[in-house]
Structure formats: C-alpha cells, structure tokens
file model01.cif (mmCIF, N, CA and C atoms)
data_run
loop_
_atom_site.label_atom_id
_atom_site.label_comp_id
_atom_site.auth_asym_id
_atom_site.auth_seq_id
_atom_site.Cartn_x
_atom_site.Cartn_y
_atom_site.Cartn_z
N MET A 1 117.97 109.32 99.00
CA MET A 1 118.57 108.00 98.88
C MET A 1 118.59 107.63 97.41
N LEU A 2 119.40 106.64 97.10
CA LEU A 2 119.50 106.12 95.75
C LEU A 2 118.89 104.72 95.71
N ARG A 3 118.09 104.52 94.67
CA ARG A 3 117.46 103.21 94.46
C ARG A 3 117.92 102.70 93.10
N LEU A 4 118.30 101.45 93.04
CA LEU A 4 118.67 100.81 91.79
C LEU A 4 117.41 100.24 91.15
N GLU A 5 117.11 100.69 89.94
CA GLU A 5 115.89 100.25 89.26
C GLU A 5 116.06 98.84 88.70
N ALA A 6 114.95 98.26 88.27
CA ALA A 6 114.92 96.87 87.82
C ALA A 6 115.82 96.61 86.61
N ASP A 7 116.12 97.64 85.83
CA ASP A 7 116.99 97.44 84.67
C ASP A 7 118.45 97.26 85.08
N ALA A 8 118.75 97.41 86.37
CA ALA A 8 120.08 97.22 86.96
C ALA A 8 121.11 98.22 86.45
N GLN A 9 120.64 99.32 85.87
CA GLN A 9 121.55 100.34 85.37
C GLN A 9 121.14 101.74 85.77
N THR A 10 119.87 101.92 86.04
CA THR A 10 119.35 103.24 86.35
C THR A 10 119.30 103.45 87.85
N LEU A 11 119.91 104.56 88.31
CA LEU A 11 119.83 104.96 89.70
C LEU A 11 118.83 106.10 89.81
N THR A 12 117.94 106.00 90.78
CA THR A 12 116.94 107.04 91.00
C THR A 12 117.15 107.62 92.38
N ARG A 13 117.28 108.93 92.42
CA ARG A 13 117.38 109.61 93.72
C ARG A 13 115.97 109.93 94.16
N THR A 14 115.66 109.54 95.39
CA THR A 14 114.32 109.72 95.91
C THR A 14 114.38 109.96 97.41
N ASP A 15 113.31 110.49 97.94
CA ASP A 15 113.19 110.63 99.38
C ASP A 15 112.70 109.30 99.95
N ALA A 16 113.14 108.99 101.13
CA ALA A 16 112.65 107.79 101.80
C ALA A 16 111.22 108.02 102.24
N VAL A 17 110.37 107.07 101.97
CA VAL A 17 109.00 107.12 102.45
C VAL A 17 108.90 106.04 103.52
N LEU A 18 108.92 106.49 104.76
CA LEU A 18 108.92 105.57 105.88
C LEU A 18 107.57 105.62 106.57
N SER A 19 107.12 104.45 107.00
CA SER A 19 105.92 104.45 107.83
C SER A 19 106.31 105.01 109.20
N ASP A 20 105.34 105.43 109.96
CA ASP A 20 105.63 106.00 111.28
C ASP A 20 106.31 104.99 112.21
N THR A 21 106.03 103.73 111.97
CA THR A 21 106.66 102.68 112.76
C THR A 21 107.38 101.77 111.78
N ALA A 22 108.69 101.69 111.92
CA ALA A 22 109.48 100.97 110.93
C ALA A 22 110.79 100.50 111.54
N LEU A 23 111.46 99.66 110.79
CA LEU A 23 112.80 99.18 111.12
C LEU A 23 113.73 99.63 110.00
N ILE A 24 114.75 100.39 110.34
CA ILE A 24 115.76 100.80 109.38
C ILE A 24 117.05 100.08 109.77
N ILE A 25 117.64 99.40 108.80
CA ILE A 25 118.86 98.65 109.07
C ILE A 25 119.98 99.26 108.23
N VAL A 26 120.97 99.83 108.92
CA VAL A 26 122.17 100.31 108.24
C VAL A 26 123.01 99.06 108.00
N PHE A 27 123.29 98.80 106.73
CA PHE A 27 123.72 97.47 106.33
C PHE A 27 124.63 97.57 105.11
N HIS A 28 125.56 96.65 105.00
CA HIS A 28 126.35 96.53 103.77
C HIS A 28 126.54 95.05 103.49
N PRO A 29 126.20 94.60 102.30
CA PRO A 29 126.28 93.17 102.01
C PRO A 29 127.69 92.60 102.05
N GLU A 30 128.71 93.44 102.02
CA GLU A 30 130.08 92.94 102.10
C GLU A 30 130.61 92.92 103.52
N CYS A 31 129.83 93.40 104.47
CA CYS A 31 130.21 93.38 105.89
C CYS A 31 129.81 92.03 106.48
N VAL A 32 130.77 91.33 107.04
CA VAL A 32 130.51 89.99 107.56
C VAL A 32 129.46 90.01 108.68
N PHE A 33 129.48 91.04 109.52
CA PHE A 33 128.50 91.14 110.60
C PHE A 33 127.11 91.42 110.05
N SER A 34 127.04 92.24 109.01
CA SER A 34 125.75 92.50 108.35
C SER A 34 125.19 91.21 107.76
N ARG A 35 126.04 90.43 107.13
CA ARG A 35 125.58 89.19 106.52
C ARG A 35 125.11 88.18 107.57
N ARG A 36 125.79 88.14 108.71
CA ARG A 36 125.34 87.24 109.80
C ARG A 36 123.98 87.69 110.31
N ALA A 37 123.81 88.98 110.46
CA ALA A 37 122.52 89.50 110.91
C ALA A 37 121.44 89.16 109.89
N PHE A 38 121.73 89.37 108.63
CA PHE A 38 120.77 89.08 107.57
C PHE A 38 120.33 87.62 107.62
N ALA A 39 121.29 86.71 107.77
CA ALA A 39 120.98 85.28 107.82
C ALA A 39 120.07 84.96 109.01
N ALA A 40 120.38 85.52 110.16
CA ALA A 40 119.57 85.26 111.36
C ALA A 40 118.17 85.85 111.22
N LEU A 41 118.07 87.04 110.68
CA LEU A 41 116.76 87.66 110.51
C LEU A 41 115.90 86.87 109.53
N ASN A 42 116.49 86.43 108.45
CA ASN A 42 115.73 85.67 107.46
C ASN A 42 115.33 84.29 107.95
N ALA A 43 116.04 83.77 108.93
CA ALA A 43 115.72 82.46 109.49
C ALA A 43 114.65 82.54 110.58
N ALA A 44 114.25 83.76 110.94
CA ALA A 44 113.26 83.95 112.01
C ALA A 44 111.88 84.16 111.39
N PRO A 45 111.05 83.12 111.37
CA PRO A 45 109.75 83.24 110.70
C PRO A 45 108.84 84.31 111.31
N ASN A 46 109.01 84.61 112.59
CA ASN A 46 108.15 85.62 113.22
C ASN A 46 108.48 87.03 112.73
N LEU A 47 109.60 87.20 112.05
CA LEU A 47 109.98 88.53 111.55
C LEU A 47 109.64 88.75 110.08
N ALA A 48 109.11 87.73 109.41
CA ALA A 48 108.87 87.83 107.97
C ALA A 48 108.03 89.04 107.58
N ASN A 49 106.94 89.28 108.29
CA ASN A 49 106.07 90.41 107.94
C ASN A 49 106.78 91.74 108.13
N VAL A 50 107.50 91.88 109.23
CA VAL A 50 108.23 93.13 109.50
C VAL A 50 109.27 93.36 108.41
N LEU A 51 110.00 92.31 108.06
CA LEU A 51 111.06 92.46 107.05
C LEU A 51 110.48 92.80 105.68
N GLN A 52 109.32 92.27 105.36
CA GLN A 52 108.71 92.52 104.05
C GLN A 52 107.99 93.87 103.99
N SER A 53 107.38 94.28 105.07
CA SER A 53 106.49 95.43 105.01
C SER A 53 106.98 96.69 105.70
N HIS A 54 107.91 96.57 106.62
CA HIS A 54 108.27 97.72 107.45
C HIS A 54 109.77 97.98 107.57
N THR A 55 110.57 97.37 106.69
CA THR A 55 112.01 97.47 106.83
C THR A 55 112.65 98.14 105.62
N LEU A 56 113.58 99.03 105.92
CA LEU A 56 114.41 99.65 104.88
C LEU A 56 115.85 99.23 105.13
N TRP A 57 116.46 98.60 104.14
CA TRP A 57 117.85 98.18 104.20
C TRP A 57 118.68 99.29 103.57
N LEU A 58 119.42 100.00 104.39
CA LEU A 58 120.08 101.24 103.99
C LEU A 58 121.60 101.09 104.04
N ARG A 59 122.21 101.19 102.89
CA ARG A 59 123.67 101.16 102.83
C ARG A 59 124.20 102.57 103.05
N PRO A 60 125.22 102.71 103.88
CA PRO A 60 125.75 104.05 104.12
C PRO A 60 126.44 104.64 102.89
N VAL A 61 126.62 105.93 102.95
CA VAL A 61 127.39 106.64 101.94
C VAL A 61 128.83 106.17 102.07
N ASP A 62 129.42 105.64 100.99
CA ASP A 62 130.82 105.24 101.07
C ASP A 62 131.61 105.54 99.80
N GLY A 63 130.97 106.13 98.82
CA GLY A 63 131.66 106.53 97.61
C GLY A 63 131.88 105.43 96.60
N ASP A 64 131.53 104.20 96.93
CA ASP A 64 131.73 103.08 96.00
C ASP A 64 130.37 102.51 95.60
N LEU A 65 129.86 102.97 94.49
CA LEU A 65 128.58 102.46 94.00
C LEU A 65 128.85 101.33 93.01
N ASN A 66 129.21 100.20 93.52
CA ASN A 66 129.44 99.05 92.66
C ASN A 66 128.07 98.50 92.26
N VAL A 67 127.58 99.00 91.13
CA VAL A 67 126.22 98.69 90.69
C VAL A 67 126.06 97.20 90.42
N GLU A 68 127.09 96.56 89.93
CA GLU A 68 127.01 95.13 89.64
C GLU A 68 126.75 94.33 90.92
N LYS A 69 127.51 94.62 91.98
CA LYS A 69 127.30 93.92 93.25
C LYS A 69 125.97 94.29 93.88
N TRP A 70 125.61 95.56 93.76
CA TRP A 70 124.33 96.03 94.28
C TRP A 70 123.19 95.29 93.60
N ASN A 71 123.25 95.18 92.29
CA ASN A 71 122.22 94.46 91.54
C ASN A 71 122.18 92.99 91.95
N GLU A 72 123.34 92.38 92.10
CA GLU A 72 123.40 90.97 92.51
C GLU A 72 122.71 90.79 93.86
N TRP A 73 122.99 91.69 94.80
CA TRP A 73 122.34 91.60 96.11
C TRP A 73 120.83 91.71 95.96
N ASN A 74 120.35 92.72 95.27
CA ASN A 74 118.91 92.93 95.14
C ASN A 74 118.24 91.78 94.38
N ARG A 75 118.94 91.20 93.42
CA ARG A 75 118.37 90.10 92.65
C ARG A 75 118.27 88.82 93.47
N THR A 76 119.22 88.60 94.36
CA THR A 76 119.23 87.35 95.14
C THR A 76 118.61 87.50 96.52
N SER A 77 118.35 88.72 96.93
CA SER A 77 117.78 88.97 98.26
C SER A 77 116.50 89.79 98.10
N LEU A 78 115.52 89.17 97.50
CA LEU A 78 114.30 89.88 97.13
C LEU A 78 113.57 90.51 98.31
N LEU A 79 113.71 89.93 99.49
CA LEU A 79 113.02 90.48 100.66
C LEU A 79 113.81 91.59 101.33
N ALA A 80 115.00 91.89 100.82
CA ALA A 80 115.84 92.91 101.44
C ALA A 80 116.48 93.81 100.38
N PRO A 81 115.67 94.47 99.56
CA PRO A 81 116.26 95.33 98.54
C PRO A 81 117.03 96.48 99.20
N LEU A 82 118.24 96.64 98.78
CA LEU A 82 119.14 97.61 99.36
C LEU A 82 119.00 98.95 98.66
N VAL A 83 118.97 100.01 99.44
CA VAL A 83 119.05 101.37 98.91
C VAL A 83 120.30 102.00 99.53
N VAL A 84 120.78 103.06 98.91
CA VAL A 84 122.00 103.70 99.38
C VAL A 84 121.68 105.12 99.84
N ALA A 85 122.19 105.46 100.99
CA ALA A 85 122.04 106.84 101.47
C ALA A 85 122.79 107.76 100.53
N TYR A 86 122.16 108.80 100.06
CA TYR A 86 122.81 109.75 99.17
C TYR A 86 123.73 110.68 99.96
N ALA A 87 123.22 111.13 101.10
CA ALA A 87 124.00 112.01 101.97
C ALA A 87 123.56 111.76 103.41
N GLU A 88 124.52 111.68 104.31
CA GLU A 88 124.19 111.44 105.71
C GLU A 88 123.29 112.53 106.27
N ALA A 89 123.44 113.75 105.78
CA ALA A 89 122.63 114.87 106.27
C ALA A 89 121.14 114.66 106.02
N GLU A 90 120.79 113.81 105.08
CA GLU A 90 119.38 113.53 104.81
C GLU A 90 118.77 112.58 105.84
N TRP A 91 119.60 112.06 106.72
CA TRP A 91 119.18 111.12 107.75
C TRP A 91 119.62 111.65 109.12
N PRO A 92 119.14 112.80 109.53
CA PRO A 92 119.67 113.44 110.75
C PRO A 92 119.47 112.62 112.02
N TRP A 93 118.52 111.76 112.05
CA TRP A 93 118.26 110.95 113.25
C TRP A 93 119.17 109.72 113.31
N ILE A 94 119.90 109.43 112.24
CA ILE A 94 120.89 108.35 112.29
C ILE A 94 122.16 108.94 112.87
N ASP A 95 122.48 108.52 114.08
CA ASP A 95 123.65 109.07 114.76
C ASP A 95 124.86 108.13 114.73
N TYR A 96 124.69 106.97 114.11
CA TYR A 96 125.79 106.03 114.01
C TYR A 96 125.60 105.22 112.73
N TRP A 97 126.63 105.20 111.88
CA TRP A 97 126.54 104.53 110.58
C TRP A 97 127.32 103.22 110.53
N GLY A 98 127.74 102.71 111.70
CA GLY A 98 128.42 101.41 111.72
C GLY A 98 127.44 100.32 111.31
N MET A 99 127.99 99.19 110.90
CA MET A 99 127.13 98.13 110.37
C MET A 99 127.29 96.83 111.14
N PRO A 100 126.18 96.16 111.33
CA PRO A 100 124.82 96.65 111.12
C PRO A 100 124.34 97.46 112.33
N THR A 101 123.51 98.42 112.05
CA THR A 101 122.83 99.16 113.12
C THR A 101 121.35 99.14 112.81
N PHE A 102 120.56 98.88 113.84
CA PHE A 102 119.12 98.73 113.71
C PHE A 102 118.44 99.89 114.40
N TYR A 103 117.64 100.63 113.66
CA TYR A 103 116.87 101.74 114.22
C TYR A 103 115.40 101.34 114.18
N VAL A 104 114.80 101.24 115.35
CA VAL A 104 113.38 100.94 115.44
C VAL A 104 112.67 102.27 115.67
N LEU A 105 111.80 102.62 114.72
CA LEU A 105 111.06 103.88 114.80
C LEU A 105 109.62 103.62 115.24
N ARG A 106 109.14 104.49 116.07
CA ARG A 106 107.74 104.47 116.46
C ARG A 106 107.24 105.90 116.40
N ASP A 107 106.12 106.10 115.74
CA ASP A 107 105.57 107.44 115.54
C ASP A 107 106.61 108.35 114.90
N GLY A 108 107.44 107.79 114.01
CA GLY A 108 108.42 108.57 113.27
C GLY A 108 109.67 108.95 114.04
N LYS A 109 109.80 108.48 115.28
CA LYS A 109 110.97 108.82 116.10
C LYS A 109 111.71 107.54 116.49
N VAL A 110 113.02 107.67 116.63
CA VAL A 110 113.83 106.52 117.03
C VAL A 110 113.46 106.13 118.45
N GLN A 111 113.01 104.90 118.59
CA GLN A 111 112.66 104.38 119.90
C GLN A 111 113.82 103.54 120.44
N THR A 112 114.46 102.78 119.54
CA THR A 112 115.55 101.91 119.95
C THR A 112 116.63 101.91 118.87
N ARG A 113 117.88 101.90 119.31
CA ARG A 113 119.00 101.71 118.40
C ARG A 113 119.83 100.56 118.94
N LEU A 114 120.05 99.57 118.11
CA LEU A 114 120.91 98.45 118.45
C LEU A 114 122.06 98.44 117.46
N THR A 115 123.26 98.32 117.98
CA THR A 115 124.45 98.41 117.14
C THR A 115 125.21 97.10 117.15
N GLY A 116 125.58 96.66 115.95
CA GLY A 116 126.43 95.47 115.81
C GLY A 116 125.65 94.17 115.84
N TRP A 117 126.37 93.11 115.58
CA TRP A 117 125.82 91.76 115.64
C TRP A 117 126.84 90.86 116.29
N PRO A 118 126.95 90.96 117.64
CA PRO A 118 127.96 90.15 118.33
C PRO A 118 127.66 88.66 118.23
N GLY A 119 126.41 88.34 118.01
CA GLY A 119 125.96 86.96 117.87
C GLY A 119 124.45 86.97 117.80
N ASP A 120 123.88 85.80 117.68
CA ASP A 120 122.44 85.73 117.48
C ASP A 120 121.62 86.14 118.70
N GLU A 121 122.30 86.41 119.84
CA GLU A 121 121.56 86.95 120.98
C GLU A 121 120.98 88.33 120.64
N ARG A 122 121.56 89.01 119.68
CA ARG A 122 121.04 90.30 119.25
C ARG A 122 119.62 90.15 118.68
N LEU A 123 119.32 88.97 118.14
CA LEU A 123 118.00 88.72 117.57
C LEU A 123 116.92 88.86 118.64
N ASP A 124 117.18 88.37 119.85
CA ASP A 124 116.21 88.50 120.94
C ASP A 124 116.01 89.97 121.31
N GLU A 125 117.09 90.74 121.36
CA GLU A 125 116.98 92.16 121.69
C GLU A 125 116.19 92.90 120.62
N LEU A 126 116.46 92.59 119.37
CA LEU A 126 115.74 93.25 118.28
C LEU A 126 114.27 92.85 118.27
N THR A 127 114.00 91.59 118.48
CA THR A 127 112.61 91.12 118.52
C THR A 127 111.85 91.84 119.63
N ASN A 128 112.45 91.97 120.79
CA ASN A 128 111.81 92.67 121.90
C ASN A 128 111.56 94.13 121.54
N ALA A 129 112.52 94.80 120.93
CA ALA A 129 112.35 96.20 120.54
C ALA A 129 111.23 96.35 119.51
N LEU A 130 111.11 95.39 118.61
CA LEU A 130 110.03 95.44 117.61
C LEU A 130 108.66 95.22 118.27
N ARG A 131 108.60 94.37 119.29
CA ARG A 131 107.35 94.17 120.03
C ARG A 131 106.95 95.45 120.75
N VAL A 132 107.90 96.08 121.45
CA VAL A 132 107.62 97.31 122.18
C VAL A 132 107.13 98.40 121.23
N ALA A 133 107.68 98.44 120.04
CA ALA A 133 107.28 99.46 119.05
C ALA A 133 105.94 99.15 118.40
N GLY A 134 105.45 97.92 118.60
CA GLY A 134 104.17 97.55 118.00
C GLY A 134 104.28 96.93 116.63
N LEU A 135 105.50 96.57 116.21
CA LEU A 135 105.68 95.92 114.91
C LEU A 135 105.48 94.41 114.95
N LEU A 136 105.55 93.85 116.14
CA LEU A 136 105.31 92.41 116.34
C LEU A 136 104.26 92.22 117.40
N ALA A 137 103.44 91.21 117.19
CA ALA A 137 102.43 90.89 118.20
C ALA A 137 103.10 90.31 119.43
N GLU A 138 102.47 90.52 120.56
CA GLU A 138 103.00 89.97 121.83
C GLU A 138 102.91 88.51 121.75
#

call {"tool": "encode", "arguments": {"input": "model01.cif", "output": "structure tokens"}}
result
Amino acid sequence: MLRLEADAQTLTRTDAVLSDTALIIVFHPECVFSRRAFAALNAAPNLANVLQSHTLWLRPVDGDLNVEKWNEWNRTSLLAPLVVAYAEAEWPWIDYWGMPTFYVLRDGKVQTRLTGWPGDERLDELTNALRVAGLLAE
C-alpha cells in the first residue's frame, strides 16, 4: 500500500500491518456514498475506539494519485487517514473494490463483508458485525 507522509509530498510503499481483528473500509473521499458512510460513522460515538484503533481506510487502485486532495483529506480527517492500495493482488481477500465496502476481520480472516451505503440503516448492520467480531462490547 501507499502511505502519504506528513510532509504531504513523500509516498511510502509499505505492507499493511493489520491486527487479527480489524475493520477495513474500501473508500474514496470523492465517492458520495463513501462520504455519507464516513459522516454516519463519525457521528456514532460507540464506534470511536474502533475507528481510531482498528480501522484501515483503503482507497482502491485507480491510477489517479492526486496527492493534493489526498493530503487535504488526511489533514482534515485525522481519525481516518487514507492509504492507497498499490496493487489489488496484495489484497487477495478483498473480492470487491466497490465503494464503500466494509470488511470485518476476525482472527485475520474476513468474517463479514458489507457493500455500499444505501442509507444509515447500514450503520446498524456494521455495528452488529463489529460486535460479533469482538470489536465492540455487547
């Protein structure tokens, strides 16, 4: 994956270091559905710890590394720093790159995949999946 460093000019290619239980969100800040999901997630106080400690915001490979917009997103969305997938092959367990897609991992394996953000009812489904995975208290 590619990470934009604090100088807003340096890109670092690195391997993802994921905890065994995590939330991976395939996301793009210019996607209206992604932005709606982001707003709903940030407004849910019960998700704050998961979003800060166990979430990777992953932009798909799309060939457009607009570093200026990427930096703007990371600067204004401190709790959701975006990284970019370098190659889809490095993420073999991601079987769908539509946005937003939520992958809930438990013991390093995909336990739940939720696709899209039809409305804020998706928040209840995601919250339930995070509870089942052990990322949220009952």

call {"tool": "residues_around", "arguments": {"input": "model01.cif", "residues": "A:Met1", "least_positions_apart": "3", "cutoff": "6 Å", "atoms": "all atoms listed in the file", "output": "PDB file with N, CA and C atoms, keeping the file's coordinate frame"}}
result
ATOM      1  N   THR A  12     117.940 106.000  90.780  1.00  0.00           N
ATOM      2  CA  THR A  12     116.940 107.040  91.000  1.00  0.00           C
ATOM      3  C   THR A  12     117.150 107.620  92.380  1.00  0.00           C
ATOM      4  N   ARG A  13     117.280 108.930  92.420  1.00  0.00           N
ATOM      5  CA  ARG A  13     117.380 109.610  93.720  1.00  0.00           C
ATOM      6  C   ARG A  13     115.970 109.930  94.160  1.00  0.00           C
ATOM      7  N   THR A  14     115.660 109.540  95.390  1.00  0.00           N
ATOM      8  CA  THR A  14     114.320 109.720  95.910  1.00  0.00           C
ATOM      9  C   THR A  14     114.380 109.960  97.410  1.00  0.00           C
ATOM     10  N   ASP A  15     113.310 110.490  97.940  1.00  0.00           N
ATOM     11  CA  ASP A  15     113.190 110.630  99.380  1.00  0.00           C
ATOM     12  C   ASP A  15     112.700 109.300  99.950  1.00  0.00           C
ATOM     13  N   ALA A  16     113.140 108.990 101.130  1.00  0.00           N
ATOM     14  CA  ALA A  16     112.650 107.790 101.800  1.00  0.00           C
ATOM     15  C   ALA A  16     111.220 108.020 102.240  1.00  0.00           C
ATOM     16  N   VAL A  84     120.780 103.060  98.910  1.00  0.00           N
ATOM     17  CA  VAL A  84     122.000 103.700  99.380  1.00  0.00           C
ATOM     18  C   VAL A  84     121.680 105.120  99.840  1.00  0.00           C
ATOM     19  N   ALA A  85     122.190 105.460 100.990  1.00  0.00           N
ATOM     20  CA  ALA A  85     122.040 106.840 101.470  1.00  0.00           C
ATOM     21  C   ALA A  85     122.790 107.760 100.530  1.00  0.00           C
ATOM     22  N   TYR A  86     122.160 108.800 100.060  1.00  0.00           N
ATOM     23  CA  TYR A  86     122.810 109.750  99.170  1.00  0.00           C
ATOM     24  C   TYR A  86     123.730 110.680  99.960  1.00  0.00           C
ATOM     25  N   ALA A  87     123.220 111.130 101.100  1.00  0.00           N
ATOM     26  CA  ALA A  87     124.000 112.010 101.970  1.00  0.00           C
ATOM     27  C   ALA A  87     123.560 111.760 103.410  1.00  0.00           C
TER      28      ALA A  87
END

call {"tool": "resolve_selection", "arguments": {"input": "model01.cif", "expression": "the PyMOL selection byres ((chain A and resi 18-35) around 5)", "output": "ChimeraX atom specification"}}
result
/A:16-17,36-39,54-59,99-108

call {"tool": "select_by_dssp", "arguments": {"input": "model01.cif", "residues": "chain A", "states": "helix (DSSP H, G or I)", "output": "PyMOL selection string"}}
result
chain A and resi 32-42+45-53+67-76+88-90+121-133

call {"tool": "select_by_dssp", "arguments": {"input": "model01.cif", "residues": "chain A", "states": "strand (DSSP E)", "output": "MDAnalysis selection string"}}
result
chainID A and resid 2:4 11:13 22:26 55:59 82:84 101:106 109:115

call {"tool": "closest_residue", "arguments": {"input": "model01.cif", "among": "A:Asn42, A:Thr76, A:Asp95, A:Ala133", "to": "A:Gln111", "atoms": "only N, CA and C atoms"}}
result
A:Ala133

call {"tool": "resolve_selection", "arguments": {"input": "model01.cif", "expression": "the PyMOL selection byres ((chain A and resi 6-8) around 8)", "output": "number ranges by chain"}}
result
A: 3-5, 9-11, 67-68, 70-72

call {"tool": "closest_residue", "arguments": {"input": "model01.cif", "among": "A:Gln52, A:Tyr96, A:Leu65, A:Pro45", "to": "A:Ala80", "atoms": "all atoms listed in the file"}}
result
A:Gln52

call {"tool": "atom_distance", "arguments": {"input": "model01.cif", "atom1": "atom C of A:Leu79", "atom2": "atom C of A:Leu51"}}
result
5.6 Å

call {"tool": "atom_distance", "arguments": {"input": "model01.cif", "atom1": "atom C of A:Val61", "atom2": "atom C of A:Trp97"}}
result
9.1 Å

call {"tool": "atom_distance", "arguments": {"input": "model01.cif", "atom1": "atom CA of A:Pro60", "atom2": "atom CA of A:Glu90"}}
result
11.4 Å

call {"tool": "closest_residue", "arguments": {"input": "model01.cif", "among": "A:Leu82, A:Leu41, A:Ala89, A:Val50", "to": "A:Leu135", "atoms": "all atoms listed in the file"}}
result
A:Val50

call {"tool": "closest_residue", "arguments": {"input": "model01.cif", "among": "A:Leu123, A:Leu136, A:Leu78, A:Leu2", "to": "A:Ala43", "atoms": "only C-alpha atoms"}}
result
A:Leu123

call {"tool": "build_atoms", "arguments": {"input": "model01.cif", "residues": "stretch 32-39 of chain A", "atoms": "all heavy atoms", "output": "tab-separated table (two decimals), in the frame of the given file"}}
result
chain	number	residue	atom	x	y	z
A	32	VAL	N	130.77	91.33	107.04
A	32	VAL	CA	130.51	89.99	107.56
A	32	VAL	C	129.46	90.01	108.68
A	32	VAL	O	128.62	89.12	108.78
A	32	VAL	CB	131.82	89.29	107.99
A	32	VAL	CG1	132.30	89.75	109.34
A	32	VAL	CG2	131.67	87.80	107.95
A	33	PHE	N	129.48	91.04	109.52
A	33	PHE	CA	128.50	91.14	110.60
A	33	PHE	C	127.11	91.42	110.05
A	33	PHE	O	126.11	90.89	110.54
A	33	PHE	CB	128.92	92.19	111.63
A	33	PHE	CG	130.23	91.86	112.28
A	33	PHE	CD1	131.37	92.57	111.94
A	33	PHE	CD2	130.33	90.84	113.19
A	33	PHE	CE1	132.60	92.26	112.52
A	33	PHE	CE2	131.55	90.52	113.78
A	33	PHE	CZ	132.69	91.23	113.44
A	34	SER	N	127.04	92.24	109.01
A	34	SER	CA	125.75	92.50	108.35
A	34	SER	C	125.19	91.21	107.76
A	34	SER	O	124.00	90.92	107.88
A	34	SER	CB	125.92	93.54	107.24
A	34	SER	OG	126.17	94.83	107.75
A	35	ARG	N	126.04	90.43	107.13
A	35	ARG	CA	125.58	89.19	106.52
A	35	ARG	C	125.11	88.18	107.57
A	35	ARG	O	124.14	87.45	107.36
A	35	ARG	CB	126.65	88.60	105.62
A	35	ARG	CG	126.86	89.49	104.38
A	35	ARG	CD	127.73	88.83	103.35
A	35	ARG	NE	127.08	87.71	102.69
A	35	ARG	CZ	126.38	87.82	101.56
A	35	ARG	NH1	126.21	88.98	100.99
A	35	ARG	NH2	125.85	86.75	101.01
A	36	ARG	N	125.79	88.14	108.71
A	36	ARG	CA	125.34	87.24	109.80
A	36	ARG	C	123.98	87.69	110.31
A	36	ARG	O	123.11	86.86	110.58
A	36	ARG	CB	126.36	87.24	110.93
A	36	ARG	CG	127.61	86.48	110.62
A	36	ARG	CD	128.57	86.50	111.79
A	36	ARG	NE	129.86	85.97	111.40
A	36	ARG	CZ	130.97	86.19	112.05
A	36	ARG	NH1	130.96	86.92	113.16
A	36	ARG	NH2	132.11	85.68	111.62
A	37	ALA	N	123.81	88.98	110.46
A	37	ALA	CA	122.52	89.50	110.91
A	37	ALA	C	121.44	89.16	109.89
A	37	ALA	O	120.35	88.72	110.26
A	37	ALA	CB	122.61	91.01	111.13
A	38	PHE	N	121.73	89.37	108.63
A	38	PHE	CA	120.77	89.08	107.57
A	38	PHE	C	120.33	87.62	107.62
A	38	PHE	O	119.14	87.31	107.53
A	38	PHE	CB	121.38	89.42	106.20
A	38	PHE	CG	120.51	89.07	105.05
A	38	PHE	CD1	119.42	89.86	104.73
A	38	PHE	CD2	120.77	87.95	104.28
A	38	PHE	CE1	118.60	89.53	103.66
A	38	PHE	CE2	119.96	87.61	103.21
A	38	PHE	CZ	118.87	88.41	102.89
A	39	ALA	N	121.29	86.71	107.77
A	39	ALA	CA	120.98	85.28	107.82
A	39	ALA	C	120.07	84.96	109.01
A	39	ALA	O	119.09	84.22	108.88
A	39	ALA	CB	122.26	84.46	107.88
